[in-house]
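Engineer: The file below is query18.tsv, TSV, C-alpha atoms:
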```tsv
chain	number	residue	atom	x	y	z
A	951	MET	CA	-16.17	-20.07	-13.72
A	952	ARG	CA	-17.38	-17.90	-10.82
A	953	PHE	CA	-15.08	-16.27	-8.28
A	954	SER	CA	-15.76	-14.26	-5.14
A	955	ILE	CA	-12.64	-12.34	-4.17
A	956	TYR	CA	-11.84	-10.25	-1.09
A	957	ARG	CA	-11.14	-6.66	-2.11
A	958	TYR	CA	-9.69	-4.00	0.15
A	959	ASN	CA	-7.71	-0.90	-0.63
A	960	PRO	CA	-7.01	0.89	2.67
A	961	GLU	CA	-6.44	4.18	0.82
A	962	THR	CA	-9.91	4.35	-0.71
A	963	ASP	CA	-12.18	1.74	0.94
A	964	ARG	CA	-13.75	2.18	4.34
A	965	ARG	CA	-14.10	-1.55	4.74
A	966	PRO	CA	-13.32	-4.72	2.76
A	967	HIS	CA	-15.92	-6.26	0.44
A	968	MET	CA	-16.25	-9.39	-1.68
A	969	GLN	CA	-16.25	-8.85	-5.45
A	970	GLU	CA	-17.77	-11.31	-7.90
A	971	TYR	CA	-15.94	-12.24	-11.08
A	972	ASP	CA	-16.83	-14.50	-13.98
A	973	LEU	CA	-14.22	-16.15	-16.14
A	974	ALA	CA	-14.61	-18.37	-19.21
A	975	GLU	CA	-13.76	-22.00	-18.42
A	976	ALA	CA	-10.13	-22.66	-19.20
A	977	GLY	CA	-10.36	-26.44	-18.85
A	978	GLY	CA	-7.42	-28.81	-18.76
A	979	ASN	CA	-4.98	-28.63	-15.89
A	980	THR	CA	-5.30	-24.91	-15.25
A	981	MET	CA	-4.19	-23.72	-11.84
A	982	LEU	CA	-5.91	-21.12	-9.71
A	983	LEU	CA	-3.01	-18.70	-10.20
A	984	ASP	CA	-3.56	-18.79	-14.00
A	985	ALA	CA	-7.16	-17.76	-13.40
A	986	LEU	CA	-6.05	-14.91	-11.12
A	987	ILE	CA	-3.61	-13.67	-13.78
A	988	ALA	CA	-6.43	-13.82	-16.35
A	989	LEU	CA	-8.69	-11.87	-13.97
A	990	LYS	CA	-5.99	-9.25	-13.50
A	991	LYS	CA	-6.03	-8.70	-17.27
A	992	ILE	CA	-9.74	-7.83	-16.95
A	993	ASP	CA	-9.41	-5.82	-13.71
A	994	ASP	CA	-5.87	-4.59	-13.18
A	995	SER	CA	-6.67	-3.21	-9.71
A	996	LEU	CA	-6.86	-6.77	-8.36
A	997	SER	CA	-3.74	-7.30	-6.26
A	998	PHE	CA	-1.98	-10.50	-5.23
A	999	ARG	CA	1.58	-11.75	-4.83
A	1000	ARG	CA	3.08	-14.38	-7.07
A	1001	SER	CA	6.51	-15.22	-8.36
A	1002	CYS	CA	7.69	-18.70	-9.31
A	1003	ARG	CA	4.19	-20.05	-10.19
A	1004	GLU	CA	5.28	-23.63	-9.36
A	1005	GLY	CA	4.98	-23.98	-5.58
A	1006	VAL	CA	8.58	-23.18	-4.70
A	1007	CYS	CA	8.58	-19.53	-3.63
A	1008	GLY	CA	5.48	-19.47	-1.41
A	1009	SER	CA	4.40	-15.98	-2.51
A	1010	ASP	CA	0.84	-16.76	-3.56
A	1011	ALA	CA	-0.40	-18.31	-0.33
A	1012	MET	CA	-4.04	-17.39	0.23
A	1013	ASN	CA	-7.25	-18.67	1.73
A	1014	ILE	CA	-8.97	-20.73	-0.98
A	1015	ASN	CA	-12.57	-21.79	-0.23
A	1016	GLY	CA	-11.79	-21.52	3.47
A	1017	ARG	CA	-8.51	-23.39	3.37
A	1018	ASN	CA	-4.99	-21.97	3.16
A	1019	GLY	CA	-3.00	-23.04	0.11
A	1020	LEU	CA	-0.84	-21.95	-2.79
A	1021	ALA	CA	-2.83	-20.71	-5.79
A	1022	CYS	CA	-0.15	-21.90	-8.23
A	1023	ILE	CA	-0.46	-25.58	-7.32
A	1024	THR	CA	-4.23	-25.67	-6.73
A	1025	PRO	CA	-5.99	-27.01	-9.86
A	1026	LEU	CA	-9.21	-25.19	-10.72
A	1027	SER	CA	-10.88	-28.54	-11.40
A	1028	GLU	CA	-10.70	-29.39	-7.67
A	1029	LEU	CA	-12.48	-26.21	-6.53
A	1030	LYS	CA	-16.16	-25.75	-5.82
A	1031	GLU	CA	-17.87	-22.70	-7.33
A	1032	PRO	CA	-17.96	-19.88	-6.55
A	1033	VAL	CA	-14.27	-19.99	-5.65
A	1034	VAL	CA	-13.98	-17.81	-2.54
A	1035	LEU	CA	-10.56	-16.20	-2.22
A	1036	ARG	CA	-9.49	-14.33	0.89
A	1037	PRO	CA	-6.12	-13.19	2.23
A	1038	LEU	CA	-4.34	-15.42	4.77
A	1039	PRO	CA	-6.35	-15.13	8.01
A	1040	GLY	CA	-5.20	-13.24	11.07
A	1041	LEU	CA	-2.65	-10.92	9.46
A	1042	PRO	CA	-3.01	-7.22	8.58
A	1043	VAL	CA	-4.12	-6.75	4.96
A	1044	VAL	CA	-1.95	-4.49	2.82
A	1045	ARG	CA	-4.30	-4.69	-0.14
A	1046	ASP	CA	-6.73	-7.31	-1.54
A	1047	LEU	CA	-4.98	-10.70	-1.16
A	1048	ILE	CA	-1.68	-9.23	0.03
A	1049	VAL	CA	-0.97	-9.48	3.76
A	1050	ASP	CA	1.71	-7.92	5.94
A	1051	LEU	CA	4.03	-10.76	6.97
A	1052	THR	CA	6.29	-8.67	9.25
A	1053	GLN	CA	5.10	-10.42	12.41
A	1054	PHE	CA	5.55	-13.83	10.79
A	1055	TYR	CA	9.12	-13.03	9.73
A	1056	ASN	CA	9.94	-11.54	13.15
A	1057	GLN	CA	8.97	-14.82	14.78
A	1058	TYR	CA	10.96	-16.76	12.18
A	1059	ARG	CA	14.02	-14.60	12.78
A	1060	SER	CA	13.77	-14.95	16.56
A	1061	VAL	CA	14.55	-18.70	16.40
A	1062	LYS	CA	17.94	-17.84	14.84
A	1063	PRO	CA	17.37	-19.86	11.67
A	1064	TRP	CA	21.04	-20.24	10.85
A	1065	LEU	CA	23.81	-22.64	11.80
A	1066	ILE	CA	25.54	-21.72	15.07
A	1067	ASN	CA	28.97	-23.34	15.17
A	1068	LEU	CA	31.88	-21.68	16.94
A	1069	ASP	CA	34.59	-24.07	15.71
A	1070	PRO	CA	37.16	-22.62	13.30
A	1071	GLU	CA	35.81	-22.83	9.77
A	1072	PRO	CA	37.05	-25.99	8.07
A	1073	GLU	CA	38.78	-25.74	4.72
A	1074	ILE	CA	36.09	-27.87	3.11
A	1075	GLU	CA	32.40	-28.28	3.98
A	1076	ARG	CA	31.27	-29.32	7.44
A	1077	LEU	CA	30.69	-32.99	6.72
A	1078	GLN	CA	27.59	-34.99	7.67
A	1079	SER	CA	26.95	-38.71	7.40
A	1080	PRO	CA	23.98	-39.69	5.20
A	1081	GLU	CA	22.06	-40.54	8.40
A	1082	GLN	CA	22.74	-37.10	9.90
A	1083	ARG	CA	21.66	-35.48	6.67
A	1084	ALA	CA	18.50	-37.59	6.54
A	1085	ARG	CA	17.36	-36.12	9.87
A	1086	LEU	CA	16.81	-32.79	8.12
A	1087	ASP	CA	14.31	-34.31	5.68
A	1088	GLY	CA	10.80	-33.02	6.25
A	1089	LEU	CA	12.21	-29.88	7.88
A	1090	TYR	CA	14.44	-28.07	5.41
A	1091	GLU	CA	11.82	-28.09	2.60
A	1092	CYS	CA	9.74	-25.33	4.22
A	1093	ILE	CA	9.23	-22.38	1.85
A	1094	LEU	CA	7.86	-19.97	4.50
A	1095	CYS	CA	4.57	-19.43	2.67
A	1096	ALA	CA	2.83	-18.87	6.06
A	1097	CYS	CA	-0.10	-21.21	5.25
A	1098	CYS	CA	0.49	-23.15	8.49
A	1099	SER	CA	0.97	-20.29	10.95
A	1100	THR	CA	-2.05	-18.39	9.65
A	1101	ALA	CA	-4.20	-21.54	9.94
A	1102	CYS	CA	-3.24	-21.93	13.61
A	1103	PRO	CA	-5.77	-20.60	16.17
A	1104	SER	CA	-2.98	-20.17	18.73
A	1105	PHE	CA	-1.15	-17.92	16.25
A	1106	TRP	CA	-4.37	-15.96	15.62
A	1107	TRP	CA	-4.73	-15.23	19.37
A	1108	ASN	CA	-1.06	-14.53	20.14
A	1109	PRO	CA	0.84	-13.72	16.92
A	1110	ASP	CA	3.17	-11.42	18.84
A	1111	ARG	CA	4.23	-14.01	21.42
A	1112	PHE	CA	3.60	-17.52	20.03
A	1113	LEU	CA	6.21	-18.49	17.43
A	1114	GLY	CA	3.75	-20.29	15.19
A	1115	PRO	CA	4.27	-23.63	13.44
A	1116	ALA	CA	6.51	-22.30	10.64
A	1117	ALA	CA	9.08	-20.80	13.03
A	1118	LEU	CA	8.86	-23.85	15.31
A	1119	LEU	CA	9.52	-26.16	12.34
A	1120	GLN	CA	12.65	-24.13	11.60
A	1121	ALA	CA	13.67	-24.29	15.26
A	1122	ALA	CA	13.35	-28.08	15.04
A	1123	ARG	CA	15.38	-28.08	11.82
A	1124	PHE	CA	18.39	-26.46	13.53
A	1125	LEU	CA	17.98	-28.60	16.66
A	1126	ALA	CA	18.18	-31.65	14.38
A	1127	ASP	CA	21.29	-30.43	12.54
A	1128	SER	CA	24.43	-32.37	13.55
A	1129	ARG	CA	26.59	-29.34	12.70
A	1130	ASP	CA	24.80	-26.98	15.08
A	1131	GLN	CA	26.29	-26.41	18.54
A	1132	ALA	CA	23.63	-24.23	20.17
A	1133	THR	CA	21.12	-26.94	21.13
A	1134	GLY	CA	21.04	-25.88	24.79
A	1135	GLU	CA	20.57	-22.18	24.06
A	1136	ARG	CA	17.93	-22.98	21.47
A	1137	LEU	CA	15.99	-25.16	23.92
A	1138	ASN	CA	16.25	-22.48	26.64
A	1139	ASP	CA	14.89	-19.97	24.19
A	1140	LEU	CA	11.93	-22.18	23.22
A	1141	ASN	CA	11.02	-23.16	26.80
A	1142	ASP	CA	8.41	-20.48	27.34
A	1143	PRO	CA	4.66	-20.53	28.06
A	1144	TYR	CA	4.10	-18.50	24.89
A	1145	ARG	CA	6.89	-19.15	22.42
A	1146	LEU	CA	6.42	-22.94	22.30
A	1147	PHE	CA	3.69	-23.91	24.73
A	1148	ARG	CA	0.77	-22.05	23.14
A	1149	CYS	CA	0.78	-25.03	20.75
A	1150	HIS	CA	-2.15	-27.26	21.73
A	1151	SER	CA	-1.57	-29.82	18.95
A	1152	ILE	CA	-4.58	-28.60	16.97
A	1153	MET	CA	-2.69	-29.77	13.85
A	1154	ASN	CA	-4.22	-27.32	11.37
A	1155	CYS	CA	-0.60	-26.64	10.36
A	1156	THR	CA	0.00	-30.21	9.25
A	1157	ASP	CA	-3.40	-30.32	7.57
A	1158	VAL	CA	-2.78	-27.31	5.29
A	1159	CYS	CA	0.98	-27.45	4.55
A	1160	PRO	CA	1.21	-27.31	0.72
A	1161	LYS	CA	4.61	-29.01	0.87
A	1162	GLY	CA	3.25	-31.94	2.90
A	1163	LEU	CA	5.42	-31.17	5.93
A	1164	ASN	CA	4.44	-31.94	9.52
A	1165	PRO	CA	5.10	-28.99	11.89
A	1166	SER	CA	3.07	-30.76	14.57
A	1167	ARG	CA	5.52	-33.66	14.66
A	1168	ALA	CA	8.47	-31.23	14.64
A	1169	ILE	CA	7.00	-29.50	17.70
A	1170	GLY	CA	6.64	-32.94	19.30
A	1171	HIS	CA	10.37	-33.51	18.71
A	1172	ILE	CA	11.20	-30.23	20.44
A	1173	ARG	CA	9.12	-31.33	23.45
A	1174	GLN	CA	10.94	-34.68	23.45
A	1175	LEU	CA	14.31	-32.88	23.56
A	1176	LEU	CA	13.08	-30.78	26.48
A	1177	LEU	CA	11.92	-33.96	28.23
A	1178	ARG	CA	15.26	-35.72	27.69
A	1179	ARG	CA	16.99	-32.75	29.26
A	1180	VAL	CA	15.19	-33.20	32.60
A	1181	ILE	CA	14.66	-36.97	32.77
B	1043	MET	CA	-1.70	-3.70	14.10
B	1044	THR	CA	1.89	-2.68	14.62
B	1045	PRO	CA	4.21	-5.64	15.18
B	1046	THR	CA	5.12	-5.90	18.83
B	1047	ARG	CA	8.72	-6.09	19.91
B	1048	LEU	CA	9.56	-9.66	20.84
B	1049	THR	CA	10.36	-10.12	24.53
B	1050	GLY	CA	12.35	-13.36	24.43
B	1051	SER	CA	11.92	-16.46	26.54
B	1052	VAL	CA	11.24	-16.69	30.28
B	1053	GLN	CA	12.83	-20.17	30.18
B	1054	HIS	CA	10.10	-22.10	31.91
B	1055	GLY	CA	6.81	-23.62	30.83
B	1056	PHE	CA	7.99	-27.14	30.12
B	1057	GLY	CA	7.43	-28.20	33.75
B	1058	GLN	CA	3.79	-27.12	33.60
B	1059	TRP	CA	3.29	-28.89	30.29
B	1060	LEU	CA	4.77	-32.09	31.73
B	1061	LEU	CA	2.74	-31.85	34.97
B	1062	GLN	CA	-0.46	-31.41	32.97
B	1063	ARG	CA	0.23	-34.66	31.13
B	1064	LEU	CA	1.29	-36.61	34.22
B	1065	THR	CA	-1.77	-35.50	36.22
B	1066	ALA	CA	-4.02	-36.34	33.25
B	1067	MET	CA	-2.53	-39.83	33.11
B	1068	TYR	CA	-3.07	-40.38	36.84
B	1069	LEU	CA	-6.66	-39.08	36.64
B	1070	ALA	CA	-7.42	-41.39	33.71
B	1071	VAL	CA	-6.13	-44.44	35.58
B	1072	PHE	CA	-7.87	-43.33	38.78
B	1073	ALA	CA	-11.22	-42.82	37.01
B	1074	ILE	CA	-11.09	-46.31	35.46
B	1075	TRP	CA	-10.11	-47.87	38.81
B	1076	LEU	CA	-12.87	-45.99	40.68
B	1077	ALA	CA	-15.56	-46.92	38.17
B	1078	THR	CA	-14.48	-50.57	38.13
B	1079	ALA	CA	-14.31	-50.77	41.92
B	1080	VAL	CA	-17.74	-49.21	42.43
B	1081	ILE	CA	-19.42	-51.25	39.69
B	1082	LEU	CA	-17.88	-54.63	40.62
B	1083	ASP	CA	-18.26	-54.28	44.37
B	1084	PRO	CA	-20.72	-51.50	45.21
B	1085	PRO	CA	-20.53	-50.53	48.91
B	1086	ALA	CA	-23.77	-51.57	50.63
B	1087	GLY	CA	-24.93	-48.43	52.36
B	1088	PHE	CA	-23.28	-45.45	53.99
B	1089	SER	CA	-21.28	-47.27	56.67
B	1090	ALA	CA	-19.72	-49.67	54.12
B	1091	TRP	CA	-18.86	-46.72	51.88
B	1092	LYS	CA	-17.29	-44.93	54.85
B	1093	ALA	CA	-15.25	-47.96	55.89
B	1094	TRP	CA	-14.00	-48.39	52.32
B	1095	PHE	CA	-13.05	-44.71	52.09
B	1096	ALA	CA	-11.27	-44.76	55.46
B	1097	TYR	CA	-9.01	-47.60	54.30
B	1098	GLY	CA	-5.47	-46.17	53.91
B	1099	PRO	CA	-4.59	-47.00	50.26
B	1100	VAL	CA	-8.05	-45.90	49.04
B	1101	ARG	CA	-7.69	-42.60	50.86
B	1102	LEU	CA	-4.20	-42.16	49.40
B	1103	ALA	CA	-5.54	-42.80	45.89
B	1104	PHE	CA	-8.24	-40.16	46.46
B	1105	ALA	CA	-5.70	-37.72	47.92
B	1106	LEU	CA	-3.50	-38.08	44.83
B	1107	ALA	CA	-6.55	-37.66	42.60
B	1108	PHE	CA	-7.62	-34.46	44.38
B	1109	MET	CA	-4.09	-33.05	44.10
B	1110	SER	CA	-3.84	-34.02	40.43
B	1111	MET	CA	-7.19	-32.43	39.74
B	1112	LEU	CA	-6.19	-29.15	41.42
B	1113	VAL	CA	-2.84	-28.97	39.59
B	1114	HIS	CA	-4.46	-29.97	36.29
B	1115	ALA	CA	-7.23	-27.40	36.70
B	1116	TRP	CA	-4.78	-24.63	37.53
B	1117	ILE	CA	-2.56	-25.29	34.50
B	1118	GLY	CA	-5.57	-25.77	32.23
B	1119	MET	CA	-7.33	-22.58	33.35
B	1120	ARG	CA	-4.07	-20.64	33.08
B	1121	SER	CA	-3.68	-21.94	29.54
B	1122	VAL	CA	-7.17	-20.74	28.63
B	1123	PHE	CA	-6.44	-17.28	30.13
B	1124	LEU	CA	-3.15	-16.98	28.24
B	1125	ASP	CA	-4.92	-17.90	25.02
B	1126	TYR	CA	-8.01	-15.75	25.18
B	1127	LEU	CA	-7.73	-12.95	27.76
B	1128	LYS	CA	-5.91	-9.90	26.43
B	1129	PRO	CA	-6.15	-7.10	29.06
B	1130	LEU	CA	-3.53	-7.57	31.75
B	1131	TRP	CA	-5.88	-6.59	34.61
B	1132	LEU	CA	-8.45	-9.19	33.50
B	1133	ARG	CA	-5.76	-11.86	33.32
B	1134	ILE	CA	-4.51	-11.06	36.82
B	1135	LEU	CA	-8.08	-10.96	38.18
B	1136	MET	CA	-9.00	-14.33	36.66
B	1137	HIS	CA	-5.75	-15.90	37.90
B	1138	LEU	CA	-6.55	-14.58	41.36
B	1139	LEU	CA	-10.16	-15.82	41.36
B	1140	THR	CA	-9.06	-19.24	40.13
B	1141	ALA	CA	-6.34	-19.41	42.78
B	1142	VAL	CA	-8.83	-18.54	45.56
B	1143	PHE	CA	-11.36	-21.07	44.28
B	1144	LEU	CA	-8.80	-23.87	43.91
B	1145	THR	CA	-7.32	-23.12	47.35
B	1146	ALA	CA	-10.82	-23.41	48.86
B	1147	LEU	CA	-11.24	-26.75	47.08
B	1148	ALA	CA	-7.82	-27.87	48.38
B	1149	LEU	CA	-8.80	-27.04	51.98
B	1150	TRP	CA	-12.14	-28.78	51.57
B	1151	SER	CA	-10.42	-31.88	50.12
B	1152	ALA	CA	-7.94	-31.91	53.00
B	1153	HIS	CA	-10.83	-31.66	55.47
B	1154	ILE	CA	-12.62	-34.61	53.84
B	1155	LEU	CA	-9.49	-36.75	53.69
B	1156	LEU	CA	-8.03	-35.98	57.11
B	1157	VAL	CA	-11.01	-35.12	59.35
B	1158	GLU	CA	-14.24	-36.57	57.92
B	1159	ALA	CA	-12.72	-39.88	56.76
B	1160	ALA	CA	-11.00	-40.42	60.12
B	1161	ARG	CA	-14.10	-39.63	62.18
```
Translate the structure described by the file into structure tokens.
Structural biologist:
Amino acid sequence: MRFSIYRYNPETDRRPHMQEYDLAEAGGNTMLLDALIALKKIDDSLSFRRSCREGVCGSDAMNINGRNGLACITPLSELKEPVVLRPLPGLPVVRDLIVDLTQFYNQYRSVKPWLINLDPEPEIERLQSPEQRARLDGLYECILCACCSTACPSFWWNPDRFLGPAALLQAARFLADSRDQATGERLNDLNDPYRLFRCHSIMNCTDVCPKGLNPSRAIGHIRQLLLRRVI
Amino acid sequence: MTPTRLTGSVQHGFGQWLLQRLTAMYLAVFAIWLATAVILDPPAGFSAWKAWFAYGPVRLAFALAFMSMLVHAWIGMRSVFLDYLKPLWLRILMHLLTAVFLTALALWSAHILLVEAAR
């Protein structure tokens, strides 16, 4: 099976290049990550992140044949040859398929992705009804792989000021949480021409999310909350 | 690229987003009404057209459409500048040029609606 992989080592290369690889067909239900690990046995300078190898950690997000996804849950049988692998678009490349996610995490952190509740801590858990808990479905499952944000043109143009779909999904997750008491502050913080309103509902985020989540709808919910506040 | 320090929220932007949608809705309804009116009952000649346009409710509908268009254009152009223009001076310049152009259009619209139509 033929691969064309983005190679760049900032310490030795003047510019990135694509390197061709050939790998014997593995057949069966082999995933792309297995092929990458096999390639690394041939060429140990090839660099990529991976950890859980089952779509839970989000480490091996990359651009696969022009589309962001997780290598560990992408079957080789579904890919057209040559399989073109590039790092996630729009972020600084550390080496080969490894990108610098600092900006992405900064945006994530800026939405205060934790429960804000100033009541005295109860002796047991803070209880939720099954309905209240169900409102977090489709939001809490995000693994922060960055596939969505790096597929978003608005995030490409303004990664330093637009939160990006991943951070906005998390903002929506804490707005939806019945135990959180900072709804007003959170909405104030999102109401900004850049932080929220660079989203033009392009919906690349929803298209690529490997966990099947819908950041676009979550952003719609945030806008609805802002609307309810003034009307 | 060194990560930029985040500057927080200016706490506005929702109003513009809402206005863009409201003006778009009005313009859509207006466009359908205008097309239907002109196709079903085309004004016969210039004087008929002028009489129709001078009629109060019609002029009001046009006035609202002109205003919607100006607001919609301003928010839309601003959105494009925020997306694609990086240097601050270029952003300010383009905002300024757009503002001058839209103000000229506003004055022209007012002249048409208040002076020409009443003549």
Engineer: Around region 1038-1056 of chain A, fit a box with edges along x, y and z, padding it by 8 Å on each side, then list its centre and edge lengths in Å to one decimal as JSON.
Structural biologist:
```
{"center_x": 1.6, "center_y": -10.0, "center_z": 5.8, "size_x": 32.7, "size_y": 26.9, "size_z": 30.7}
```
Engineer: Got a sec to pull out which chain A residues are within 7 Å of chain B, counting only C-alpha atoms, and send them as a ChimeraX atom specification?
Structural biologist: /A:1042,1052-1053,1104,1107,1110-1111,1138-1143,1147
Engineer: Which neighbours of Leu1147 (chain B) fall inside 12 Å, counting all atoms listed in the file, when residues of the same chain fewer than 4 positions from it are skipped, and could you give them as number ranges by chain?
Structural biologist: B: 1108-1109, 1111-1113, 1115-1116, 1140-1143, 1151-1154
Engineer: Find the distance between CA of Val1061 (chain A) and CA of Leu1163 (chain A) and write it in Å to one decimal.
Structural biologist: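 Separation of CA of Val1061 (chain A) and CA of Leu1163 (chain A): 18.7 Å.
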Engineer: Would you mind reading off the distance between CA of Ser1060 (chain A) and CA of Ile1048 (chain A), one decimal, in Å?
Structural biologist: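 According to the coordinates, CA of Ser1060 (chain A) and CA of Ile1048 (chain A) are separated by 23.3 Å.
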Engineer: Hey, could you patch up region 1106-1120 of chain B with N, CA, C and O atoms and hand it over as a compact mmCIF listing (two decimals), in the coordinates of the input?
Structural biologist:
```txt
# COMPACT_ATOMS: atom_id res chain seq x y z
N LEU B 1106 -4.27 -38.34 46.04
CA LEU B 1106 -3.50 -38.08 44.83
C LEU B 1106 -4.40 -37.54 43.71
O LEU B 1106 -4.02 -36.65 42.96
N ALA B 1107 -5.62 -38.10 43.64
CA ALA B 1107 -6.55 -37.66 42.60
C ALA B 1107 -6.96 -36.21 42.83
O ALA B 1107 -7.01 -35.42 41.88
N PHE B 1108 -7.25 -35.85 44.09
CA PHE B 1108 -7.62 -34.46 44.38
C PHE B 1108 -6.48 -33.52 44.01
O PHE B 1108 -6.67 -32.49 43.37
N MET B 1109 -5.24 -33.91 44.40
CA MET B 1109 -4.09 -33.05 44.10
C MET B 1109 -3.90 -32.92 42.59
O MET B 1109 -3.67 -31.82 42.08
N SER B 1110 -3.99 -34.06 41.89
CA SER B 1110 -3.84 -34.02 40.43
C SER B 1110 -4.87 -33.11 39.80
O SER B 1110 -4.56 -32.31 38.91
N MET B 1111 -6.11 -33.23 40.30
CA MET B 1111 -7.19 -32.43 39.74
C MET B 1111 -6.91 -30.94 39.93
O MET B 1111 -7.09 -30.14 39.01
N LEU B 1112 -6.45 -30.57 41.14
CA LEU B 1112 -6.19 -29.15 41.42
C LEU B 1112 -5.06 -28.63 40.53
O LEU B 1112 -5.18 -27.56 39.92
N VAL B 1113 -3.97 -29.39 40.42
CA VAL B 1113 -2.84 -28.97 39.59
C VAL B 1113 -3.28 -28.88 38.13
O VAL B 1113 -3.01 -27.89 37.43
N HIS B 1114 -4.00 -29.92 37.68
CA HIS B 1114 -4.46 -29.97 36.29
C HIS B 1114 -5.39 -28.79 35.97
O HIS B 1114 -5.27 -28.16 34.92
N ALA B 1115 -6.29 -28.50 36.90
CA ALA B 1115 -7.23 -27.40 36.70
C ALA B 1115 -6.50 -26.07 36.65
O ALA B 1115 -6.79 -25.22 35.79
N TRP B 1116 -5.52 -25.89 37.52
CA TRP B 1116 -4.78 -24.63 37.53
C TRP B 1116 -4.05 -24.41 36.21
O TRP B 1116 -4.17 -23.36 35.58
N ILE B 1117 -3.32 -25.44 35.75
CA ILE B 1117 -2.56 -25.29 34.50
C ILE B 1117 -3.52 -25.10 33.32
O ILE B 1117 -3.28 -24.28 32.44
N GLY B 1118 -4.61 -25.85 33.33
CA GLY B 1118 -5.57 -25.77 32.23
C GLY B 1118 -6.24 -24.40 32.17
O GLY B 1118 -6.34 -23.79 31.10
N MET B 1119 -6.68 -23.89 33.33
CA MET B 1119 -7.33 -22.58 33.35
C MET B 1119 -6.35 -21.49 32.94
O MET B 1119 -6.68 -20.59 32.17
N ARG B 1120 -5.11 -21.61 33.44
CA ARG B 1120 -4.07 -20.64 33.08
C ARG B 1120 -3.86 -20.62 31.56
O ARG B 1120 -3.73 -19.57 30.94
```
